[in-house]
Each structure stands twice: as structure tokens, then as C-alpha cells.
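File shown: structure_29.csv. Contents: CSV, C-alpha atoms.
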chain,number,residue,atom,x,y,z
A,1464,MET,CA,191.2,198.9,149.4
A,1465,GLU,CA,189.9,202.4,148.9
A,1466,ARG,CA,192.0,205.1,147.4
A,1467,SER,CA,192.4,207.1,150.6
A,1468,ASP,CA,193.3,203.9,152.5
A,1469,ARG,CA,196.0,203.2,149.9
A,1470,ILE,CA,197.4,206.7,150.3
A,1471,ALA,CA,197.4,206.3,154.1
A,1472,PHE,CA,199.2,202.9,153.8
A,1473,LEU,CA,201.8,204.5,151.6
A,1474,LEU,CA,202.2,207.4,154.0
A,1475,LYS,CA,202.7,204.9,156.9
A,1476,LYS,CA,205.4,203.1,154.9
A,1477,ALA,CA,207.1,206.5,154.2
A,1478,LEU,CA,207.0,207.3,157.9
A,1479,GLY,CA,208.6,204.0,158.6
A,1480,LEU,CA,211.5,204.9,156.3
A,1481,MET,CA,211.7,208.4,157.8
A,1482,GLU,CA,212.1,206.7,161.2
A,1483,VAL,CA,214.9,204.5,160.0
A,1484,MET,CA,216.7,207.5,158.6
A,1485,LEU,CA,216.2,209.8,161.6
A,1486,THR,CA,217.1,207.2,164.3
A,1487,ARG,CA,220.3,206.1,162.5
A,1488,SER,CA,222.3,208.9,163.8
A,1489,ASP,CA,221.8,211.9,166.2
A,1490,GLU,CA,223.2,214.0,163.4
A,1491,PHE,CA,220.0,213.5,161.4
A,1492,LEU,CA,217.6,213.7,164.3
A,1493,THR,CA,217.2,217.5,164.8
A,1494,THR,CA,214.3,219.2,166.6
A,1495,GLN,CA,213.0,220.6,163.4
A,1496,LYS,CA,212.9,217.1,161.7
A,1497,ALA,CA,211.3,215.6,164.9
A,1498,ASN,CA,208.6,218.4,164.8
A,1499,GLU,CA,207.8,217.7,161.2
A,1500,TYR,CA,207.6,214.0,161.9
A,1501,ALA,CA,205.3,214.6,164.9
A,1502,GLY,CA,203.1,216.9,162.8
A,1503,ILE,CA,202.6,214.2,160.1
A,1504,VAL,CA,201.8,211.5,162.6
A,1505,GLU,CA,199.3,213.7,164.4
A,1506,GLU,CA,197.5,214.6,161.3
A,1507,LEU,CA,197.4,211.0,160.2
A,1508,ASN,CA,195.8,210.0,163.5
A,1509,GLU,CA,193.4,212.9,163.4
A,1510,LEU,CA,192.2,211.6,160.0
A,1511,GLY,CA,191.4,208.3,161.7
A,1512,TYR,CA,194.4,206.3,160.5
A,1513,PHE,CA,195.9,204.6,163.5
A,1514,TYR,CA,199.7,205.1,163.7
A,1515,ILE,CA,201.8,204.7,166.8
A,1516,PRO,CA,204.8,207.1,166.5
A,1517,ASN,CA,208.4,206.4,167.2
A,1518,GLN,CA,209.0,207.6,170.8
A,1519,ARG,CA,212.7,208.3,170.3
A,1520,ILE,CA,212.0,210.8,167.6
A,1521,LEU,CA,209.1,212.3,169.6
A,1522,SER,CA,211.3,212.9,172.6
A,1523,LYS,CA,213.4,215.2,170.4
A,1524,ALA,CA,210.3,217.2,169.3
A,1525,ASP,CA,209.5,220.4,171.2
A,1526,VAL,CA,205.8,220.1,170.4
A,1527,PRO,CA,204.1,217.5,172.6
A,1528,LEU,CA,202.3,215.0,170.4
A,1529,ASN,CA,198.6,214.6,171.0
A,1530,LEU,CA,198.1,210.9,171.5
A,1531,LYS,CA,194.3,211.2,172.1
A,1532,PRO,CA,193.3,210.0,168.7
A,1533,LEU,CA,195.0,206.7,169.4
A,1534,LYS,CA,192.8,206.0,172.4
A,1535,LYS,CA,190.5,203.0,172.6
A,1536,PRO,CA,187.0,204.3,172.2
A,1537,MET,CA,184.3,204.6,174.8
A,1538,LYS,CA,182.4,201.5,175.9
A,1539,LYS,CA,178.6,201.3,175.7
A,1540,ALA,CA,176.7,199.8,178.6
A,1541,THR,CA,174.6,196.9,177.3
A,1542,GLY,CA,172.1,196.5,180.1
A,1543,ALA,CA,174.1,194.0,182.1
A,1544,SER,CA,174.2,196.1,185.3
A,1545,GLN,CA,171.0,194.8,186.7
A,1546,THR,CA,171.2,191.2,185.6
A,1547,GLU,CA,174.7,190.6,187.0
A,1548,ASP,CA,176.3,191.6,190.2
A,1549,SER,CA,178.0,194.9,190.7
A,1550,ASN,CA,181.4,193.3,190.0
A,1551,ARG,CA,180.6,192.7,186.3
A,1552,LYS,CA,183.5,192.8,184.0
A,1553,ILE,CA,184.5,193.7,180.4
A,1554,SER,CA,187.4,191.4,180.3
A,1555,GLY,CA,189.1,189.9,177.2
A,1556,GLU,CA,188.8,193.0,175.0
B,980,MET,CA,163.3,119.3,121.0
B,981,ALA,CA,162.3,121.3,124.2
B,982,LYS,CA,163.9,120.1,127.5
B,983,VAL,CA,161.7,119.8,130.5
B,984,ILE,CA,163.3,121.0,133.7
B,985,ARG,CA,162.0,119.7,136.9
B,986,LEU,CA,161.7,122.3,139.7
B,987,SER,CA,162.8,121.3,143.2
B,988,ASP,CA,160.1,120.3,145.6
B,989,ASP,CA,162.3,121.2,148.6
B,990,TYR,CA,160.6,124.3,150.0
B,991,SER,CA,162.8,124.6,153.0
B,992,SER,CA,165.4,126.6,151.1
B,993,ARG,CA,162.9,129.2,150.0
B,994,LEU,CA,163.6,132.7,150.9
B,995,GLY,CA,161.2,133.6,153.7
B,996,LEU,CA,159.3,136.8,154.5
B,997,LYS,CA,161.4,139.8,155.4
B,998,LYS,CA,160.8,141.7,158.6
B,999,VAL,CA,161.0,145.4,158.4
B,1000,ARG,CA,164.0,146.5,160.4
B,1001,ARG,CA,165.0,149.9,161.6
B,1002,ARG,CA,167.6,151.1,159.1
B,1003,LYS,CA,170.7,152.5,160.5
B,1004,LYS,CA,170.9,156.2,159.6
B,1005,PRO,CA,173.8,156.9,157.3
B,1006,ASP,CA,176.5,158.9,159.0
B,1007,LEU,CA,177.1,161.9,156.7
B,1008,GLU,CA,180.5,162.4,158.1
B,1009,ASP,CA,181.5,159.0,156.7
B,1010,HIS,CA,180.9,160.5,153.3
B,1011,GLY,CA,182.9,163.6,153.9
B,1012,GLN,CA,180.0,165.9,154.7
B,1013,LEU,CA,179.6,167.8,158.0
B,1014,ASN,CA,176.8,166.4,160.1
B,1015,MET,CA,175.1,169.7,160.8
B,1016,PHE,CA,171.4,168.9,161.0
B,1017,THR,CA,170.9,165.5,162.4
B,1018,SER,CA,172.3,166.0,165.9
B,1019,GLU,CA,169.8,165.2,168.6
B,1020,ASP,CA,171.3,168.0,170.7
B,1021,SER,CA,170.1,170.7,168.2
B,1022,LYS,CA,167.9,173.2,169.8
B,1023,ILE,CA,165.7,175.9,168.3
B,1024,ILE,CA,166.8,179.3,169.5
B,1025,HIS,CA,164.1,181.9,169.8
B,1026,PHE,CA,165.6,185.4,169.4
B,1027,LYS,CA,164.2,187.7,172.0
B,1028,ALA,CA,162.4,190.8,170.7
B,1029,PRO,CA,163.5,193.9,172.6
B,1030,SER,CA,161.6,193.6,175.8
B,1031,SER,CA,162.5,196.9,177.5
B,1032,LEU,CA,162.8,200.6,176.7
B,1033,PHE,CA,166.6,200.3,177.3
B,1034,ASP,CA,166.8,197.4,174.8
B,1035,ILE,CA,164.9,199.5,172.2
B,1036,ALA,CA,167.2,202.4,172.8
B,1037,LEU,CA,170.3,200.2,172.5
B,1038,ASN,CA,169.1,198.7,169.2
B,1039,HIS,CA,168.6,202.2,167.8
B,1040,ASP,CA,172.0,203.2,169.1
B,1041,GLU,CA,173.7,200.2,167.5
B,1042,ASP,CA,171.9,201.1,164.2
B,1043,GLY,CA,173.3,204.6,164.4
B,1044,LYS,CA,169.8,206.2,165.0
B,1045,ASP,CA,171.1,208.6,167.6
B,1046,GLU,CA,167.9,210.6,168.0
B,1047,ALA,CA,165.6,207.6,168.5
B,1048,ALA,CA,168.2,206.1,170.9
B,1049,GLU,CA,168.3,209.3,172.9
B,1050,GLU,CA,164.5,209.4,173.1
B,1051,TYR,CA,164.3,205.8,174.5
B,1052,TYR,CA,167.2,206.2,176.8
B,1053,LEU,CA,165.4,209.1,178.4
B,1054,LYS,CA,162.2,207.1,178.6
B,1055,ALA,CA,164.1,204.3,180.3
B,1056,ILE,CA,165.5,206.7,182.8
B,1057,ASP,CA,161.9,208.1,183.4
B,1058,LYS,CA,160.7,204.6,184.1
B,1059,GLY,CA,163.6,203.9,186.3
B,1060,GLU,CA,164.8,201.1,184.0
B,1061,LEU,CA,168.6,200.5,183.9
B,1062,LYS,CA,169.2,204.1,184.7
B,1063,ASP,CA,172.9,203.7,185.2
B,1064,ASP,CA,173.4,202.1,181.7
B,1065,ALA,CA,171.0,204.6,180.1
B,1066,TYR,CA,172.8,207.6,181.5
B,1067,CYS,CA,176.1,206.2,180.5
B,1068,ASN,CA,175.1,205.6,176.8
B,1069,LEU,CA,173.5,209.1,176.7
B,1070,GLY,CA,176.9,210.4,177.8
B,1071,ILE,CA,178.5,208.7,174.8
B,1072,LEU,CA,176.0,210.3,172.5
B,1073,ARG,CA,176.8,213.7,174.0
B,1074,THR,CA,180.5,213.1,173.5
B,1075,LYS,CA,179.9,212.3,169.9
B,1076,GLN,CA,178.1,215.7,169.6
B,1077,GLY,CA,181.2,217.4,171.2
B,1078,ARG,CA,179.2,218.4,174.3
B,1079,LEU,CA,181.8,217.3,176.7
B,1080,PRO,CA,180.6,219.0,179.9
B,1081,GLU,CA,177.1,217.4,179.4
B,1082,SER,CA,178.7,214.0,178.9
B,1083,VAL,CA,180.7,214.4,182.1
B,1084,ASP,CA,177.4,215.2,183.9
B,1085,LEU,CA,175.7,212.2,182.4
B,1086,PHE,CA,178.5,209.8,183.3
B,1087,SER,CA,178.5,211.2,186.8
B,1088,LYS,CA,174.7,210.6,187.1
B,1089,ALA,CA,175.4,207.0,186.1
B,1090,LEU,CA,177.9,206.8,188.9
B,1091,GLN,CA,175.4,208.3,191.4
B,1092,VAL,CA,173.1,205.4,190.6
B,1093,ASN,CA,175.9,202.8,190.6
B,1094,SER,CA,179.3,204.0,191.9
B,1095,ARG,CA,180.9,200.8,190.4
B,1096,HIS,CA,179.6,201.4,186.9
B,1097,LEU,CA,182.5,200.2,184.9
B,1098,GLU,CA,181.8,201.7,181.5
B,1099,SER,CA,181.1,205.1,183.1
B,1100,HIS,CA,184.5,205.2,184.8
B,1101,PHE,CA,186.3,204.2,181.6
B,1102,ASN,CA,184.3,206.7,179.5
B,1103,LEU,CA,184.9,209.5,182.1
B,1104,GLY,CA,188.6,208.6,181.7
B,1105,ASN,CA,188.4,209.2,178.0
B,1106,VAL,CA,186.4,212.5,178.3
B,1107,TYR,CA,188.8,213.9,180.9
B,1108,SER,CA,191.8,212.9,178.8
B,1109,ASP,CA,190.1,214.7,175.8
B,1110,MET,CA,189.7,217.7,178.0
B,1111,GLY,CA,193.4,217.6,178.9
B,1112,ASN,CA,192.8,216.7,182.5
B,1113,ASN,CA,195.1,213.8,182.8
B,1114,LYS,CA,194.9,213.6,186.6
B,1115,LEU,CA,191.2,212.9,186.6
B,1116,ALA,CA,191.4,210.7,183.5
B,1117,LYS,CA,194.0,208.5,185.3
B,1118,PHE,CA,191.8,208.4,188.5
B,1119,HIS,CA,188.9,207.0,186.5
B,1120,TYR,CA,190.9,204.5,184.5
B,1121,GLU,CA,192.5,203.3,187.7
B,1122,THR,CA,189.1,203.0,189.4
B,1123,ALA,CA,187.8,201.0,186.4
B,1124,LEU,CA,190.8,198.7,186.8
B,1125,ILE,CA,190.0,198.1,190.4
B,1126,ILE,CA,186.5,197.0,189.4
B,1127,ASP,CA,187.8,194.9,186.5
B,1128,PRO,CA,191.5,194.2,186.7
B,1129,ASN,CA,191.4,192.4,183.3
B,1130,PHE,CA,190.0,195.4,181.3
B,1131,ALA,CA,192.6,195.4,178.5
B,1132,ASP,CA,191.6,198.6,176.8
B,1133,CYS,CA,191.8,200.5,180.0
B,1134,PHE,CA,195.5,199.5,180.4
B,1135,TYR,CA,196.1,200.7,176.9
B,1136,ASN,CA,194.6,204.1,177.4
B,1137,LEU,CA,196.4,204.5,180.7
B,1138,ALA,CA,199.6,203.7,178.9
B,1139,LEU,CA,199.0,206.6,176.5
B,1140,LEU,CA,198.6,209.0,179.5
B,1141,PHE,CA,201.9,207.7,180.9
B,1142,ILE,CA,203.6,208.3,177.6
B,1143,GLU,CA,202.3,211.9,177.5
B,1144,GLU,CA,203.7,212.4,181.0
B,1145,LYS,CA,207.0,210.7,179.9
B,1146,SER,CA,206.5,208.0,182.6
B,1147,TYR,CA,207.9,205.4,180.2
B,1148,ASP,CA,208.5,202.7,182.8
B,1149,GLU,CA,204.8,202.8,183.8
B,1150,ALA,CA,203.7,203.0,180.2
B,1151,ILE,CA,205.6,199.9,179.3
B,1152,ARG,CA,204.1,198.0,182.3
B,1153,SER,CA,200.6,199.0,181.2
B,1154,LEU,CA,201.3,198.0,177.6
B,1155,LEU,CA,202.7,194.6,178.7
B,1156,LYS,CA,199.6,194.0,180.8
B,1157,TYR,CA,197.5,195.0,177.8
B,1158,GLN,CA,199.3,192.5,175.6
B,1159,GLN,CA,199.1,189.8,178.2
B,1160,LEU,CA,195.3,190.3,178.5
B,1161,LEU,CA,194.8,190.3,174.8
B,1162,GLY,CA,196.5,186.9,174.6
B,1163,TYR,CA,198.3,187.6,171.4
B,1164,PRO,CA,201.0,190.2,170.4
B,1165,GLU,CA,199.8,193.3,168.6
B,1166,GLU,CA,202.6,194.3,166.3
B,1167,SER,CA,202.1,198.1,166.6
B,1168,VAL,CA,202.0,197.8,170.4
B,1169,GLN,CA,205.1,195.6,170.5
B,1170,SER,CA,207.0,198.2,168.4
B,1171,LEU,CA,205.8,200.9,170.8
B,1172,ILE,CA,207.1,199.0,173.8
B,1173,ASN,CA,210.5,198.6,172.0
B,1174,ASP,CA,210.6,202.3,171.2
B,1175,LEU,CA,209.9,203.2,174.8
B,1176,LYS,CA,212.6,200.9,176.1
B,1177,THR,CA,215.2,202.8,174.1
B,1178,LEU,CA,214.1,206.0,175.9
B,1179,MET,CA,214.8,204.6,179.4
Entire entry expressed as C-alpha cells:
Amino acid sequence: MERSDRIAFLLKKALGLMEVMLTRSDEFLTTQKANEYAGIVEELNELGYFYIPNQRILSKADVPLNLKPLKKPMKKATGASQTEDSNRKISGE
Amino acid sequence: MAKVIRLSDDYSSRLGLKKVRRRKKPDLEDHGQLNMFTSEDSKIIHFKAPSSLFDIALNHDEDGKDEAAEEYYLKAIDKGELKDDAYCNLGILRTKQGRLPESVDLFSKALQVNSRHLESHFNLGNVYSDMGNNKLAKFHYETALIIDPNFADCFYNLALLFIEEKSYDEAIRSLLKYQQLLGYPEESVQSLINDLKTLM
């Protein structure tokens, strides 16, 4: 595992702990804390490290989280459009 | 004194000539070895050299040679060869370059050639979502799902749009469908579903 991957792995673990703490009680889950959490997750995903955030914490944040980096990437056409019928499929991803 | 031994004169018991018989081939699997090369069903497979401009373009594309790929996709379009696929893949190259309006144009051209071009609908969904136009993104994801109702990744991306809109019920439904189509549970997706359930 590369150094940056190891750091990302540790950060993900830390985020997991943060989630446990914040969701334990509404007293801990403030908007400010939720915003901080959302910021870390967003940056992690922008750096290319896939992390699905805790939705309960996000619902408390007043900054909407950009989920776009989590999207499944575009699909290349492989030249099947003329060899198969128009109902060709990309099933079983 | 030496003893003289008399040999038998009964020749009937002599061992006769041996016919050559076809020997049974040893079964390698009896000796704990996989029988990989002796099957009569084995066939020689000839790998096809790229036979079309589109194939050449795609090979360059897969090798990360974007400029060469672009050149051959354009040649394929000029020759009228797999135009829909070529436009679509050019659209992906433009997206990589951050030229989103051009990529929308190219995916649309693919759809002009073939209005049921699955990858172009999906990719347009991604581009519109990147541009923040969730309505159009959803339209194209949903169209892709009409063409291929088992397109797992499309359900996943649609779910992300639903989450952004806080339509958690629909997001869960899409994610469950995604899991079902995958055929195995993805841990991160399962925990996302559980999170979403707590919000309802």
C-alpha cells in the first residue's frame, strides 16, 4: 500500500470514529460539526478516495455535500452498436 | 563335477510374438495433475487484429493514447463507421479535458445517429449531473434504464441524485436495485442504505 493510500485509510477510520461520536447524541451533532465532517468527506472524495458519508450527519450540515465524485464513471462504447440489435445491454456491471 | 541340465523340448509354452497394441494414454488427473493440454476439444484461438478504424481508435483509447484515439474516432466518423459509438467515445475524451459543452454536443450527435444509444444516455446523465442540471441528468439515466433495465451503475448514479434532492425513499429503492443486480452486497452501499433509513 502506498503512503498516500495508507493515510487515506487512516482518515477513513478516523471519520468512522467521528460518525460514532456525532451520532451518539444530538447534543454532539451540531451544524458546525456536521459542516466540518462534510468538508473532510468532500475533500477525500475529490482526491479520489471513495467514501460514502453518513447521511444523518449530512442532514444536519447547512452546506450541501457534492456527491458527484462518488458517481460511477462514464461508459465507453465498444463497437457493439452495429453488431447487435438496438436493444443491446450493459447488464451485470 | 559339472551337472548337465536338460532343456525342455516342449515348445508350446514358449512366449510368442507380441503384437503392438495402442497404449492407453495416461490420465494426468489420476496423478494429481490438471489435464490442460490433452483435451480433444481444445481449439486454437486466433486473436483478431484491429479490423476497423473504430477498433484502432478504441485500442489507442484503452492504452491512454488520447490524441491518436481522437484522430481515429474522427476518421471512423468520416468513413461512416460506427458513428454513434465513435461520437460517444469522443464525448468521453472531451469530458476528460473538461470541455463539457462539447461533450454534450458529441453525445447528442451519437443520439442523432442512434436514439437508443445506451452509453450516450448514461454519459449525458453524468455530464448534466456534473453541470448541476439534475433534471436533465435524471431524464437521461431513466432513459438508459428503459433501454437496459439491468444497468446497475445507472441505478447507483440515480440514487446519488435522489440523495442530493433528499428523496431518500427513492434513493433506497435505487440502491437496493443496484445491490440486487450486482448479485452481492457492497458493504459501503449497505451502510449508506442503513443511514438513509434512519433519515426517513
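Proximity of A:Pro1516, A:Arg1469, A:Val1526, A:Glu1506 to chain B, computed with all atoms listed in the file, is greatest for A:Pro1516.
By chain and then residue number, the residues within 10 Å of Leu1478 (chain A) are A:Phe1472, A:Leu1473, A:Leu1474, A:Lys1475, A:Lys1476, A:Leu1480, A:Met1481, A:Glu1482, A:Val1483, A:Met1484, A:Tyr1500, A:Ile1503, A:Val1504, A:Tyr1514, A:Pro1516, A:Asn1517, counting all atoms listed in the file and disregarding those fewer than 2 positions away in sequence.
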Using only C-alpha atoms, find which residues of chain B lie within 8 Å of chain A and jot them down as a tab-separated table (two decimals) with C-alpha atoms, in the frame of the given file.
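To be explicit, this is the file written out as selection_37.tsv:
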chain	number	residue	atom	x	y	z
B	1033	PHE	CA	166.60	200.30	177.30
B	1034	ASP	CA	166.80	197.40	174.80
B	1037	LEU	CA	170.30	200.20	172.50
B	1061	LEU	CA	168.60	200.50	183.90
B	1063	ASP	CA	172.90	203.70	185.20
B	1064	ASP	CA	173.40	202.10	181.70
B	1065	ALA	CA	171.00	204.60	180.10
B	1067	CYS	CA	176.10	206.20	180.50
B	1068	ASN	CA	175.10	205.60	176.80
B	1071	ILE	CA	178.50	208.70	174.80
B	1095	ARG	CA	180.90	200.80	190.40
B	1096	HIS	CA	179.60	201.40	186.90
B	1097	LEU	CA	182.50	200.20	184.90
B	1098	GLU	CA	181.80	201.70	181.50
B	1101	PHE	CA	186.30	204.20	181.60
B	1102	ASN	CA	184.30	206.70	179.50
B	1105	ASN	CA	188.40	209.20	178.00
B	1108	SER	CA	191.80	212.90	178.80
B	1109	ASP	CA	190.10	214.70	175.80
B	1126	ILE	CA	186.50	197.00	189.40
B	1127	ASP	CA	187.80	194.90	186.50
B	1129	ASN	CA	191.40	192.40	183.30
B	1130	PHE	CA	190.00	195.40	181.30
B	1131	ALA	CA	192.60	195.40	178.50
B	1132	ASP	CA	191.60	198.60	176.80
B	1133	CYS	CA	191.80	200.50	180.00
B	1135	TYR	CA	196.10	200.70	176.90
B	1136	ASN	CA	194.60	204.10	177.40
B	1139	LEU	CA	199.00	206.60	176.50
B	1143	GLU	CA	202.30	211.90	177.50
B	1160	LEU	CA	195.30	190.30	178.50
B	1161	LEU	CA	194.80	190.30	174.80
B	1167	SER	CA	202.10	198.10	166.60
B	1168	VAL	CA	202.00	197.80	170.40
B	1171	LEU	CA	205.80	200.90	170.80
B	1174	ASP	CA	210.60	202.30	171.20
B	1175	LEU	CA	209.90	203.20	174.80
B	1177	THR	CA	215.20	202.80	174.10
B	1178	LEU	CA	214.10	206.00	175.90
Region 1505-1523 of chain A, all listed atoms, 8 Å padding on each side: what axis-aligned box centre and edge lengths in Å to one decimal come out, as lines of an AutoDock Vina configuration file?
center_x = 202.4
center_y = 209.9
center_z = 166.3
size_x = 38.0
size_y = 26.6
size_z = 28.6
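Take CA of Asp1525 (chain A) and CA of Ala1497 (chain A): the distance between them is 8.1 Å.
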